[in-house]
Structures are given as C-alpha cells and as structure tokens.
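With mmCIF, C-alpha atoms inside, this is work.cif:
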```cif
data_final
#
loop_
_atom_site.label_atom_id
_atom_site.label_comp_id
_atom_site.auth_asym_id
_atom_site.auth_seq_id
_atom_site.Cartn_x
_atom_site.Cartn_y
_atom_site.Cartn_z
CA MET A 1 4.52 -67.68 46.19
CA LYS A 2 5.07 -63.91 45.97
CA GLN A 3 4.85 -62.52 42.41
CA SER A 4 8.10 -61.07 41.00
CA GLN A 5 8.22 -57.26 40.80
CA PRO A 6 9.91 -55.04 38.18
CA PRO A 7 13.50 -54.15 39.08
CA LYS A 8 13.43 -51.13 41.41
CA LEU A 9 16.87 -49.89 40.39
CA ALA A 10 15.91 -49.70 36.70
CA ARG A 11 12.67 -47.85 37.51
CA ALA A 12 14.50 -45.43 39.85
CA LEU A 13 17.08 -44.75 37.13
CA PHE A 14 14.30 -44.07 34.61
CA GLU A 15 12.42 -41.71 36.97
CA TRP A 16 15.63 -39.86 37.87
CA TYR A 17 16.57 -39.38 34.23
CA CYS A 18 13.12 -38.12 33.27
CA GLY A 19 13.04 -35.59 36.11
CA HIS A 20 9.82 -33.52 36.10
CA ALA A 21 8.63 -34.88 32.78
CA LYS A 22 5.25 -36.58 32.82
CA VAL A 23 6.10 -40.28 32.30
CA GLU A 24 3.53 -42.02 34.52
CA ASP A 25 1.93 -43.55 31.44
CA LEU A 26 5.28 -44.91 30.25
CA ILE A 27 6.04 -46.41 33.66
CA GLY A 28 2.66 -48.12 33.55
CA ASP A 29 3.41 -49.48 30.09
CA LEU A 30 6.79 -50.82 31.28
CA ASP A 31 5.17 -52.59 34.23
CA GLU A 32 2.47 -54.08 32.00
CA LYS A 33 5.05 -55.43 29.55
CA TYR A 34 7.09 -56.85 32.45
CA TYR A 35 4.16 -58.96 33.61
CA LEU A 36 3.62 -60.13 30.04
CA TYR A 37 7.30 -61.19 29.93
CA LEU A 38 6.77 -63.16 33.15
CA GLU A 39 4.07 -65.27 31.53
CA ILE A 40 6.48 -66.70 28.94
CA ASN A 41 9.91 -66.13 30.58
CA SER A 42 11.66 -66.65 33.85
CA PRO A 43 11.78 -63.70 36.31
CA PHE A 44 15.45 -63.19 35.50
CA ARG A 45 14.84 -62.93 31.73
CA ALA A 46 11.77 -60.72 32.33
CA LYS A 47 13.91 -58.30 34.37
CA LEU A 48 16.56 -58.24 31.66
CA LYS A 49 13.93 -57.36 29.04
CA TYR A 50 12.53 -54.68 31.38
CA CYS A 51 16.01 -53.12 31.70
CA ARG A 52 16.38 -53.32 27.92
CA ASP A 53 13.10 -51.44 27.45
CA VAL A 54 14.17 -48.79 29.98
CA VAL A 55 17.47 -48.20 28.20
CA SER A 56 15.64 -48.01 24.87
CA LEU A 57 13.28 -45.36 26.25
CA LEU A 58 16.13 -43.32 27.74
CA PHE A 59 17.52 -42.70 24.26
CA SER A 60 14.17 -42.26 22.53
CA TYR A 61 12.88 -39.02 20.97
CA GLY A 62 9.68 -39.20 23.02
CA ILE A 63 11.54 -38.90 26.33
CA HIS A 64 13.65 -35.99 25.06
CA LYS A 65 10.50 -34.22 23.86
CA ARG A 66 8.75 -34.71 27.20
CA LYS A 67 11.77 -33.42 29.11
CA ARG A 68 11.92 -30.35 26.86
CA GLU A 69 8.22 -29.73 27.37
CA ALA A 70 8.68 -30.04 31.13
CA SER A 71 11.45 -27.43 31.12
CA THR A 72 9.31 -24.94 29.18
CA GLY A 73 5.98 -25.83 30.77
CA SER A 74 4.43 -26.60 27.37
CA TYR A 75 2.96 -30.05 27.63
CA SER A 76 0.52 -29.33 24.88
CA THR A 77 0.08 -26.79 22.17
CA SER A 78 -2.93 -25.39 24.01
CA ASN A 79 -1.01 -24.17 27.09
CA PHE A 80 -0.06 -20.89 25.46
CA SER A 81 -2.97 -20.68 23.07
CA LEU A 82 -4.98 -17.59 22.33
CA ASP A 83 -7.67 -18.77 24.76
CA MET A 84 -5.11 -19.02 27.55
CA LEU A 85 -3.77 -15.56 26.74
CA GLN A 86 -7.28 -14.11 26.77
CA ASN A 87 -7.84 -15.73 30.17
CA TYR A 88 -4.64 -14.18 31.52
CA ILE A 89 -5.68 -10.76 30.24
CA LYS A 90 -9.11 -11.11 31.86
CA VAL A 91 -7.50 -12.07 35.17
CA ALA A 92 -5.10 -9.12 34.89
CA VAL A 93 -7.93 -6.65 34.24
CA ARG A 94 -9.97 -8.17 37.08
CA ASN A 95 -7.04 -7.81 39.50
CA LEU A 96 -6.54 -4.19 38.46
CA TYR A 97 -10.22 -3.47 39.03
CA GLN A 98 -10.31 -5.24 42.40
CA HIS A 99 -7.30 -3.28 43.69
CA LYS A 100 -8.06 0.20 42.37
CA TYR A 101 -5.76 2.13 44.72
CA PHE A 102 -2.76 -0.08 44.02
CA SER A 103 -3.46 -0.09 40.27
CA THR A 104 -3.92 3.69 40.08
CA LEU A 105 -0.71 4.35 42.01
CA ASN A 106 1.26 1.90 39.91
CA VAL A 107 -0.07 3.08 36.55
CA PHE A 108 0.11 6.80 37.40
CA GLY A 109 3.71 6.63 38.64
CA LEU A 110 4.86 4.73 35.59
CA ALA A 111 2.89 6.97 33.21
CA VAL A 112 4.36 10.18 34.67
CA GLY A 113 7.89 8.81 34.42
CA MET A 114 7.33 7.71 30.83
CA SER A 115 5.73 11.02 29.81
CA VAL A 116 8.56 13.12 31.25
CA SER A 117 11.12 10.93 29.51
CA LEU A 118 9.19 11.22 26.24
CA LEU A 119 9.10 15.01 26.61
CA LEU A 120 12.85 15.26 27.16
CA ILE A 121 13.61 12.87 24.30
CA SER A 122 11.25 14.79 22.00
CA LEU A 123 12.96 18.05 22.97
CA VAL A 124 16.36 16.66 22.00
CA SER A 125 14.94 15.38 18.69
CA TYR A 126 13.15 18.68 18.07
CA ILE A 127 16.30 20.76 18.58
CA LYS A 128 18.13 18.60 16.05
CA THR A 129 15.53 19.51 13.41
CA TYR A 130 16.33 23.23 13.50
CA ASP A 131 16.63 24.74 10.02
CA ASN A 132 16.28 21.35 8.33
CA PHE A 133 13.54 22.71 6.04
CA HIS A 134 15.97 24.79 3.96
CA VAL A 135 16.64 23.19 0.59
CA ASN A 136 20.25 24.42 0.61
CA ARG A 137 20.91 23.61 4.27
CA ASP A 138 23.98 21.46 3.52
CA ASN A 139 25.76 24.36 1.79
CA ILE A 140 24.75 27.31 3.99
CA TYR A 141 27.42 28.80 6.26
CA THR A 142 27.49 31.93 8.36
CA ILE A 143 30.59 33.96 9.16
CA VAL A 144 31.55 34.42 12.82
CA THR A 145 34.07 36.88 14.23
CA THR A 146 36.67 36.54 16.97
CA ARG A 147 38.10 39.78 18.37
CA HIS A 148 41.43 39.66 20.23
CA GLU A 149 42.36 42.51 22.55
CA GLY A 150 45.40 41.55 24.58
CA ILE A 151 44.46 38.46 26.58
CA GLU A 152 40.75 39.10 26.06
CA GLU A 153 38.99 37.15 23.35
CA LEU A 154 35.41 37.91 22.30
CA GLU A 155 33.45 35.76 19.87
CA TYR A 156 30.57 37.16 17.84
CA ALA A 157 27.99 35.56 15.59
CA THR A 158 28.17 38.74 13.50
CA ALA A 159 30.67 40.02 10.94
CA PRO A 160 31.49 43.32 9.21
CA ILE A 161 29.15 44.01 6.32
CA ALA A 162 32.16 45.15 4.27
CA LEU A 163 33.38 41.55 4.32
CA ALA A 164 30.53 40.65 1.96
CA GLU A 165 32.30 42.25 -1.01
CA LYS A 166 35.42 40.18 -0.33
CA LEU A 167 33.35 37.01 -0.09
CA LYS A 168 31.79 37.65 -3.48
CA ASP A 169 35.28 37.32 -4.98
CA TYR A 170 35.69 33.79 -3.62
CA PRO A 171 35.00 31.33 -6.48
CA GLU A 172 33.33 28.58 -4.40
CA ILE A 173 30.68 30.92 -2.96
CA LYS A 174 27.47 30.94 -4.98
CA GLU A 175 25.60 33.62 -3.01
CA VAL A 176 26.27 36.02 -0.14
CA VAL A 177 23.36 37.55 1.75
CA ARG A 178 23.62 40.37 4.27
CA ILE A 179 21.20 40.48 7.18
CA GLN A 180 20.99 43.19 9.81
CA SER A 181 18.97 42.96 12.99
CA GLY A 182 17.39 45.93 14.68
CA PHE A 183 14.06 46.41 12.97
CA ASN A 184 11.90 46.88 16.06
CA GLU A 185 9.42 49.51 14.99
CA GLU A 186 5.87 50.49 15.87
CA ILE A 187 3.26 50.88 13.14
CA LYS A 188 0.71 53.68 13.47
CA MET A 189 -2.83 52.35 13.11
CA GLN A 190 -6.25 53.66 14.08
CA GLN A 191 -6.57 51.05 16.82
CA GLY A 192 -3.20 52.09 18.23
CA ASP A 193 0.49 51.50 17.68
CA ILE A 194 1.40 47.92 16.74
CA PRO A 195 4.97 46.66 17.30
CA LEU A 196 6.75 44.69 14.59
CA ARG A 197 10.13 42.99 14.66
CA GLY A 198 12.25 41.65 11.86
CA TYR A 199 15.43 42.00 9.82
CA TYR A 200 16.84 44.07 7.00
CA VAL A 201 17.76 41.60 4.24
CA GLU A 202 19.02 41.67 0.69
CA PRO A 203 16.86 40.55 -2.28
CA ILE A 204 19.02 37.42 -2.63
CA PHE A 205 17.68 36.22 0.75
CA PHE A 206 15.14 33.84 -0.81
CA SER A 207 17.77 32.30 -3.08
CA VAL A 208 19.65 31.12 0.00
CA PHE A 209 16.87 30.34 2.47
CA THR A 210 13.62 28.47 1.88
CA TYR A 211 10.53 30.41 2.97
CA ASN A 212 7.16 30.35 1.27
CA ILE A 213 5.88 33.45 -0.51
CA LEU A 214 2.07 33.41 -0.65
CA ARG A 215 1.44 36.64 -2.60
CA GLY A 216 3.78 38.85 -4.55
CA ASP A 217 7.12 38.24 -6.24
CA GLY A 218 9.66 37.08 -3.66
CA ASP A 219 12.62 37.51 -6.03
CA ASN A 220 11.91 41.22 -6.60
CA ALA A 221 9.98 42.14 -3.46
CA LEU A 222 13.02 43.59 -1.68
CA THR A 223 14.82 45.29 -4.56
CA LYS A 224 13.51 48.79 -3.80
CA PRO A 225 13.95 50.96 -0.70
CA ASN A 226 11.03 51.14 1.74
CA SER A 227 9.78 47.71 0.67
CA ILE A 228 8.65 45.18 3.24
CA ILE A 229 7.55 41.54 3.22
CA ILE A 230 5.05 40.71 5.92
CA THR A 231 4.11 37.34 7.42
CA GLU A 232 0.56 36.00 7.65
CA SER A 233 0.40 36.41 11.43
CA ALA A 234 1.62 40.02 11.22
CA ALA A 235 -0.90 40.79 8.46
CA LEU A 236 -3.74 39.45 10.58
CA LYS A 237 -2.46 41.36 13.60
CA ILE A 238 -2.40 44.66 11.73
CA PHE A 239 -5.16 44.42 9.11
CA ASN A 240 -7.12 41.36 10.23
CA SER A 241 -6.72 40.21 6.63
CA THR A 242 -4.11 38.61 4.37
CA ASP A 243 -5.00 40.75 1.35
CA VAL A 244 -2.27 43.26 2.14
CA VAL A 245 0.08 43.42 -0.88
CA GLY A 246 0.32 47.03 -2.08
CA LYS A 247 -0.74 48.56 1.23
CA THR A 248 1.55 50.92 3.16
CA LEU A 249 2.68 50.92 6.77
CA GLU A 250 3.38 54.20 8.57
CA LEU A 251 6.20 54.02 11.07
CA LYS A 252 5.71 55.79 14.38
CA GLN A 253 9.13 57.40 14.12
CA GLY A 254 8.34 58.56 10.58
CA GLY A 255 8.46 57.02 7.14
CA LEU A 256 6.34 54.75 4.99
CA LEU A 257 6.91 51.12 4.01
CA GLU A 258 5.09 49.46 1.13
CA ILE A 259 4.08 45.81 1.51
CA SER A 260 5.51 44.10 -1.56
CA ALA A 261 4.79 40.46 -0.67
CA LEU A 262 3.03 38.21 1.83
CA MET A 263 4.85 35.15 3.15
CA LYS A 264 3.88 32.19 5.25
CA ASP A 265 5.01 32.29 8.87
CA HIS A 266 8.45 30.79 9.29
CA PRO A 267 8.54 27.27 10.78
CA ILE A 268 8.89 27.21 14.54
CA ASN A 269 12.22 25.40 14.21
CA SER A 270 13.87 28.30 12.38
CA HIS A 271 16.70 30.11 14.15
CA LEU A 272 15.66 33.28 12.29
CA LYS A 273 12.60 34.62 14.13
CA PHE A 274 10.80 37.52 12.46
CA GLU A 275 7.44 39.04 11.57
CA VAL A 276 8.67 41.16 8.68
CA LEU A 277 11.60 41.42 6.28
CA VAL A 278 12.61 44.92 5.18
CA SER A 279 14.67 45.66 2.08
CA TYR A 280 18.34 46.18 2.92
CA SER A 281 18.39 49.38 0.87
CA THR A 282 15.98 50.90 3.43
CA LEU A 283 18.72 50.96 6.09
CA PRO A 284 20.18 54.39 5.16
CA VAL A 285 16.66 55.85 5.26
CA ILE A 286 15.66 54.53 8.68
CA GLN A 287 18.97 54.28 10.54
CA LYS A 288 20.80 57.05 8.65
CA SER A 289 23.84 54.78 8.46
CA THR A 290 25.14 52.05 6.19
CA ASN A 291 27.36 50.29 8.78
CA ASP A 292 29.71 49.18 6.03
CA GLN A 293 32.94 49.80 7.97
CA TRP A 294 35.26 46.97 8.95
CA THR A 295 35.07 48.00 12.60
CA LYS A 296 31.30 47.59 12.91
CA TYR A 297 30.05 44.05 13.33
CA ARG A 298 27.69 44.08 16.30
CA ASN A 299 24.37 43.48 14.51
CA GLN A 300 25.28 42.47 10.95
CA TYR A 301 25.15 38.84 9.82
CA LEU A 302 26.69 37.28 6.74
CA TYR A 303 25.37 34.03 5.27
CA THR A 304 27.05 32.28 2.36
CA LEU A 305 25.76 29.61 0.01
CA LEU A 306 28.65 27.46 -1.17
CA VAL A 307 28.76 25.46 -4.36
CA ASP A 308 28.43 21.69 -4.11
CA ASP A 309 31.59 19.91 -2.91
CA ALA A 310 33.12 23.17 -1.69
CA LYS A 311 35.54 22.83 1.23
CA PRO A 312 34.86 25.17 4.18
CA SER A 313 38.48 24.74 5.29
CA LYS A 314 39.64 26.47 2.10
CA LEU A 315 37.20 29.31 2.74
CA ASN A 316 38.56 29.64 6.28
CA GLU A 317 42.06 30.03 4.85
CA TYR A 318 40.77 32.76 2.56
CA LEU A 319 39.08 34.50 5.51
CA GLU A 320 42.34 34.37 7.44
CA ASP A 321 44.14 36.14 4.59
CA VAL A 322 41.38 38.77 4.43
CA SER A 323 41.56 39.49 8.17
CA LYS A 324 45.34 39.83 8.08
CA SER A 325 45.08 42.24 5.18
CA GLN A 326 42.30 44.42 6.64
CA TYR A 327 43.56 44.60 10.23
CA ALA A 328 47.30 44.69 9.60
CA GLN A 329 47.56 48.28 10.89
CA SER A 330 45.01 47.85 13.68
CA ALA A 331 45.79 47.53 17.38
CA ILE A 332 43.32 44.68 17.63
CA LYS A 333 43.33 41.34 15.91
CA VAL A 334 40.18 40.02 14.26
CA ASP A 335 39.64 36.53 12.88
CA PHE A 336 36.81 35.24 10.71
CA GLU A 337 35.57 31.67 10.48
CA THR A 338 32.69 29.74 8.94
CA GLU A 339 29.93 28.09 10.94
CA HIS A 340 27.55 25.60 9.36
CA LEU A 341 23.82 26.22 9.52
CA ASP A 342 23.32 23.10 11.69
CA ASP A 343 25.80 24.44 14.26
CA ILE A 344 24.04 27.78 14.79
CA THR A 345 21.57 26.28 17.25
CA MET A 346 23.72 23.42 18.54
CA GLY A 347 27.11 25.12 18.38
CA PRO A 348 29.02 27.60 20.58
CA ASP A 349 27.10 30.41 22.24
CA TYR A 350 28.50 33.47 20.46
CA ASN A 351 27.73 37.04 21.40
CA ASN A 352 24.82 38.55 19.40
CA ALA A 353 23.72 35.07 18.32
CA ILE A 354 20.29 34.74 16.73
CA GLY A 355 17.78 32.23 18.02
CA PRO A 356 18.00 29.60 20.77
CA LYS A 357 21.32 28.04 21.68
CA TRP A 358 21.90 24.47 22.78
CA ASP A 359 25.29 22.83 22.96
CA MET A 360 25.86 19.09 22.63
CA SER A 361 26.69 18.68 26.32
CA GLY A 362 23.29 20.13 27.20
CA LEU A 363 21.55 17.64 24.92
CA ILE A 364 23.51 14.78 26.47
CA VAL A 365 22.50 15.96 29.95
CA PHE A 366 18.85 16.05 28.90
CA SER A 367 19.12 12.50 27.53
CA ILE A 368 20.67 11.28 30.79
CA VAL A 369 18.00 13.05 32.84
CA ALA A 370 15.32 11.33 30.74
CA ALA A 371 16.82 7.95 31.61
CA LEU A 372 17.24 8.87 35.29
CA ILE A 373 13.59 9.91 35.53
CA LEU A 374 12.35 6.72 33.91
CA LEU A 375 14.59 4.47 36.03
CA PRO A 376 13.08 5.37 39.46
CA ALA A 377 9.60 5.03 37.94
CA CYS A 378 10.47 1.49 36.87
CA PHE A 379 11.94 0.71 40.32
CA ASN A 380 8.83 2.06 42.00
CA TYR A 381 6.63 -0.03 39.72
CA THR A 382 8.72 -3.14 40.46
CA ASN A 383 8.61 -2.62 44.23
CA LEU A 384 4.84 -2.15 44.23
CA SER A 385 4.38 -5.21 42.03
CA ILE A 386 6.55 -7.36 44.30
CA ALA A 387 4.67 -6.15 47.37
CA ARG A 388 1.42 -7.10 45.69
CA ALA A 389 2.73 -10.47 44.48
CA LEU A 390 3.69 -11.47 48.04
CA LYS A 391 0.01 -11.30 48.96
CA ARG A 392 -0.95 -13.68 46.16
CA SER A 393 0.78 -16.78 47.52
CA LYS A 394 -2.55 -18.56 48.05
CA GLU A 395 -3.51 -17.96 44.43
CA ILE A 396 -0.17 -19.30 43.23
CA GLY A 397 -0.45 -22.35 45.49
CA LEU A 398 -3.94 -23.09 44.23
CA ARG A 399 -2.82 -22.86 40.61
CA LYS A 400 0.02 -25.31 41.28
CA THR A 401 -2.40 -27.67 43.01
CA MET A 402 -4.68 -27.55 39.97
CA GLY A 403 -1.78 -28.56 37.72
CA GLY A 404 -0.27 -25.22 36.80
CA VAL A 405 3.46 -25.32 36.18
CA LYS A 406 6.10 -22.71 36.91
CA ASN A 407 6.28 -21.31 33.41
CA GLN A 408 2.53 -20.92 33.12
CA ILE A 409 2.34 -18.93 36.35
CA PHE A 410 5.31 -16.86 35.22
CA PHE A 411 3.59 -16.15 31.91
CA GLN A 412 0.45 -15.05 33.76
CA PHE A 413 2.40 -12.48 35.80
CA ILE A 414 4.21 -11.31 32.67
CA THR A 415 0.84 -10.80 30.99
CA GLU A 416 -0.38 -8.70 33.93
CA THR A 417 2.83 -6.65 33.78
CA VAL A 418 2.39 -6.05 30.05
CA VAL A 419 -1.23 -4.96 30.59
CA ILE A 420 -0.22 -2.45 33.28
CA THR A 421 2.68 -1.19 31.17
CA LEU A 422 0.48 -0.69 28.10
CA ILE A 423 -2.08 1.24 30.14
CA ALA A 424 0.71 3.39 31.59
CA LEU A 425 2.18 3.91 28.12
CA ALA A 426 -1.20 5.02 26.79
CA GLY A 427 -1.48 7.51 29.64
CA ALA A 428 2.09 8.71 29.04
CA VAL A 429 1.44 9.26 25.33
CA LEU A 430 -1.75 11.17 26.15
CA ILE A 431 0.09 13.43 28.62
CA PHE A 432 2.91 13.83 26.11
CA PHE A 433 0.71 15.02 23.25
CA ILE A 434 -1.25 17.36 25.52
CA ILE A 435 1.76 19.31 26.79
CA ARG A 436 4.46 18.61 24.17
CA LYS A 437 4.03 21.76 22.08
CA GLU A 438 3.84 24.08 25.08
CA PHE A 439 6.79 22.32 26.72
CA GLN A 440 9.00 22.59 23.64
CA THR A 441 8.07 26.24 23.10
CA LYS A 442 8.84 27.17 26.71
CA MET A 443 12.11 25.27 26.80
CA VAL A 444 13.35 26.68 23.49
CA ALA A 445 12.26 30.20 24.50
CA SER A 446 14.09 29.94 27.82
CA SER A 447 17.27 28.84 26.05
CA SER A 448 17.34 32.04 24.01
CA LEU A 449 16.78 34.48 26.86
#
```
Same coordinates, now as structure tokens:
Amino acid sequence: MKQSQPPKLARALFEWYCGHAKVEDLIGDLDEKYYLYLEINSPFRAKLKYCRDVVSLLFSYGIHKRKREASTGSYSTSNFSLDMLQNYIKVAVRNLYQHKYFSTLNVFGLAVGMSVSLLLISLVSYIKTYDNFHVNRDNIYTIVTTRHEGIEELEYATAPIALAEKLKDYPEIKEVVRIQSGFNEEIKMQQGDIPLRGYYVEPIFFSVFTYNILRGDGDNALTKPNSIIITESAALKIFNSTDVVGKTLELKQGGLLEISALMKDHPINSHLKFEVLVSYSTLPVIQKSTNDQWTKYRNQYLYTLLVDDAKPSKLNEYLEDVSKSQYAQSAIKVDFETEHLDDITMGPDYNNAIGPKWDMSGLIVFSIVAALILLPACFNYTNLSIARALKRSKEIGLRKTMGGVKNQIFFQFITETVVITLIALAGAVLIFFIIRKEFQTKMVASSSL
C-alpha cells in the first residue's frame, strides 16, 4: 500500500506565502511531523494536523522575520559585517587597479568636475565675506550720489565733501570720515622711483574701520599735514625693513611725507585697496585744492558710522532735505542715499566705485554654473560605470550561483562607487587647494577692471 503524502495544496500555499524566504528547514520539519502523526492517527487526521501547523506558521514571528530578511538580503548579522565591507573594498581597489585606463578616466573626469564646482562655490562664499572683519560693519554706511540732467541719470559711489559737515549735525551719526582717492605718487629712492597708491583720509578713519596698527599711534598718526601711514608690504618694498616710523618719503613731484605709523596689510577681502594712507590735511599741499564745493564729487567718498538701532531710512529722508536745500537754485538735480558696507561689493555698480563689484544675479549665475559643471561629470561617471558593469555579468552570475542575493551584489557595487567617488573627491580637494587662492585673486581682480 502506497504511503500517504503531506497535502500538496497546503505545502504550495506555504511556499507561495513565504516567497523567497529560506524555509526549506521548516518544510522538512512539517513533513517529519506529518509522518509522526500518521503513526498514531489516520491519514485524514494527519493531514488536518499538517494544515493546522501550516496555518500556525503563516502567522508566526519566525516567518515574518525570514520574509523581512529575504527582502533586505540580510539572512544573518554577518552579511553586512565589517569583514564583508573590507572584502568589498578590496574587490573595488582590485578592479580599479586591473582596469587602470577606465579607472583613471572615471576618477579624473569626476575630480575635475568637482574641483571646478568647489572653486565656483568658494568664490561665491569668498565674495560674501568682503569687509566682514570690521568691528562696526553693521553700522557703517557710505553715501552715494545720483545726478539728474534731463532724462539722463548718473549714479556715483562718491559724494561732495561739503556734505560731511551736514552729516555731522545728524544726531544718529556717531562718526563721519572723508576719504579721497588719487594718491598715486612716486617716491624718490636711490634704487629708483617707487610707485605708491593710497587714499587721503581723516584721523577718525581708524575709529570707523578696523585695521591693525603695528607701530605708532593710529589715533594721532594722521592729525598733521604731510603725515603718512605705510603698510608692511610697502615698507619692505621701499626700505626692505619694517622699522620705518619717523622716516621721510620724498615725492617725485616735490614734497616730503613723514611716516607716522606702520600698519598691517589690509585683508584681501577689503574693498579699500591701498598701500598708504595720507593725512587728509595734506590735500591742499599736494593737490592745491580742497574740493569742498557741492559740485565736486568725482573722487571723494563719505563713510558714516551710525549709532546702534539707527534707521537708515530716516537718514535718507534727511539727505533728501539736504539735497533739496543745496541744489534748489541749480539746473541739475542731485540726490543722496545711504549704501550699507555689505552692499558696496555686492550692490549696484556705481561710477567711481572702489574695489570689485559683484551683483547678486552674477553670484546666482556662478552657483548655477557650478551645478551645471558637476552634473555632466556625474552623468559621464554614470555612463562609464554602466558600460563597465555590463561586462561584469559573469561575475554577477557567479556570485548568485554561490549564494549571493540581490542586495549583497547591490551593496558591493555601491561600495565600489563610494571608493571611486572618495578618490575623486580627494583629487578634487587637492586641485582646489592648489589653485584656489590664485583663482579667487584673478576673478576678483577681473571684476574690478
């Protein structure tokens, strides 16, 4: 007589429900129990008990755990262990070494794209740091001028020096400093004439702006005519020494300037670029003119230091009243307005503006370009990786034959991708640090031409 077999429908239902989960051991246990049931029960009752056991397993935690492990490919805690990760990394490095041309092309393309993007992003970040070293940066404003002649409108970063006296009457202004450009002189030395460039500034300059005085008294260094503060780099250029306080400079066009203080070179992210600062009271001596008329505002700059919580809008209203009063009888109309220190570099491009100019739209364009450069590099990397992966079908098939599951193979390829990306990132960072300073200097210099 043929021995009774476990019910096929119940086994098929169990296998279908378990899917790809490893349940061969459980099926064996069910069959073994079925034959035990047959020894003490009829075939019908044995099949009923078999179906009962199947239903019990279907709702058990063990089956749910095995199904979850099958979906993630983690049948044991060792599948994604440190040893497995180390093995994947070794395989990735070995593949890179075995296919040098492919690896070099892939890594180099991705590294170049990353480095260019890093350079553009760093440039945007660098521009945003302009003048952030000034202690009073939040309260420093410059005065800009708009000249209306018929339908023509000209905007200047400069303002009449005479306006300074009116500003001193405004109660929310703590300090007003006058700056005039135009000091481009040659110093007579035994080794030849040496050019110097800088500004004429008032003694209050260092109460508004933050620059480091190394030798001498910064507060009183510019109180007398023919006084000059010189930077470290200029001192080394002229005297090959920084022990220069008290020495005199002879101008090629005539006149002597006494060095009253030595200061540290201004930070590279300063919109004021200079080698020397000359006392404002020296202007009548060198230029034979005071330029204090209301009609002259081509090379004079006014900076104001407002008190805390002052409202620039109120100051703009005051400036509007001043302009109406001073130009009431004039054929031209002139308006004055404040501009915050942060907006000098990133604001409108006024005539006679000092330092580099970048508007917000330009920074946005640079950010978009950075993304557009990185995107093709990523596409190129992906295409090359796919082309290479298509040639590894035998390796994938062998791994599946040896028991590897989908998620394990996927994790291996992800590991190789991470290894390549990290190598490319290291190369990109190296390129970035090598050329960053020169790149930023050239780009900022070109923006101020």
message: Can you measure CA of Leu302 (chain A) to CA of Leu257 (chain A) for me? One decimal in Å is fine.
response: 24.3 Å
- prompt: Can you list what the PyMOL selection byres ((chain A and resi 124) around 12) grabs from this structure, as a ChimeraX atom specification?
  reply: /A:117-123,125-130,345-346,358-370,440,443-444
- prompt: Using only C-alpha atoms, which residues sit within 9 Å of Val208 (chain A) once same-chain residues fewer than 4 positions away are excluded, as a ChimeraX atom specification?
  reply: /A:134-137,140,175-177,204,303-305
message: For a quick check of understanding, using only C-alpha atoms, which of A:Met84, A:Val112, A:Val429, A:Ala10 has the smallest distance to Ser56 (chain A)?
response: A:Ala10
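Among the candidates A:Val285, A:Ala164, A:Leu251, A:Leu48, the residue lying nearest to Tyr200 (chain A) is A:Val285 (atoms considered: only C-alpha atoms).
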message: Evaluated on this file, the PyMOL selection byres ((chain A and resi 58-60) around 12) picks out some residues - which ones are they, written as a ChimeraX atom specification?
response: /A:10-11,13-19,23,26,51-57,61-67
Chain and number of each residue from the PyMOL selection byres ((chain A and resi 313-324) around 7), as an mmCIF file with C-alpha atoms, in the frame of the given file:
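Dumped to selection_0.cif:
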```
data_model
loop_
_atom_site.group_PDB
_atom_site.id
_atom_site.type_symbol
_atom_site.label_atom_id
_atom_site.label_comp_id
_atom_site.auth_asym_id
_atom_site.auth_seq_id
_atom_site.Cartn_x
_atom_site.Cartn_y
_atom_site.Cartn_z
ATOM 1 C CA LYS A 311 35.540 22.830 1.230
ATOM 2 C CA PRO A 312 34.860 25.170 4.180
ATOM 3 C CA SER A 325 45.080 42.240 5.180
ATOM 4 C CA GLN A 326 42.300 44.420 6.640
ATOM 5 C CA TYR A 327 43.560 44.600 10.230
ATOM 6 C CA ALA A 328 47.300 44.690 9.600
ATOM 7 C CA VAL A 334 40.180 40.020 14.260
ATOM 8 C CA ASP A 335 39.640 36.530 12.880
ATOM 9 C CA PHE A 336 36.810 35.240 10.710
ATOM 10 C CA GLU A 337 35.570 31.670 10.480
ATOM 11 C CA THR A 338 32.690 29.740 8.940
#
```
Exercise: Arg215 (chain A) partners within 12 Å, only C-alpha atoms, chain neighbours under 5 positions left out, as a PDB file with C-alpha atoms, in the coordinates of the input:
```pdb
ATOM      1  CA  ALA A 221       9.980  42.140  -3.460  1.00  0.00           C
ATOM      2  CA  ILE A 229       7.550  41.540   3.220  1.00  0.00           C
ATOM      3  CA  ILE A 230       5.050  40.710   5.920  1.00  0.00           C
ATOM      4  CA  THR A 231       4.110  37.340   7.420  1.00  0.00           C
ATOM      5  CA  GLU A 232       0.560  36.000   7.650  1.00  0.00           C
ATOM      6  CA  THR A 242      -4.110  38.610   4.370  1.00  0.00           C
ATOM      7  CA  ASP A 243      -5.000  40.750   1.350  1.00  0.00           C
ATOM      8  CA  VAL A 244      -2.270  43.260   2.140  1.00  0.00           C
ATOM      9  CA  VAL A 245       0.080  43.420  -0.880  1.00  0.00           C
ATOM     10  CA  GLY A 246       0.320  47.030  -2.080  1.00  0.00           C
ATOM     11  CA  ILE A 259       4.080  45.810   1.510  1.00  0.00           C
ATOM     12  CA  SER A 260       5.510  44.100  -1.560  1.00  0.00           C
ATOM     13  CA  ALA A 261       4.790  40.460  -0.670  1.00  0.00           C
ATOM     14  CA  LEU A 262       3.030  38.210   1.830  1.00  0.00           C
ATOM     15  CA  MET A 263       4.850  35.150   3.150  1.00  0.00           C
ATOM     16  CA  LYS A 264       3.880  32.190   5.250  1.00  0.00           C
TER      17      LYS A 264
END
```
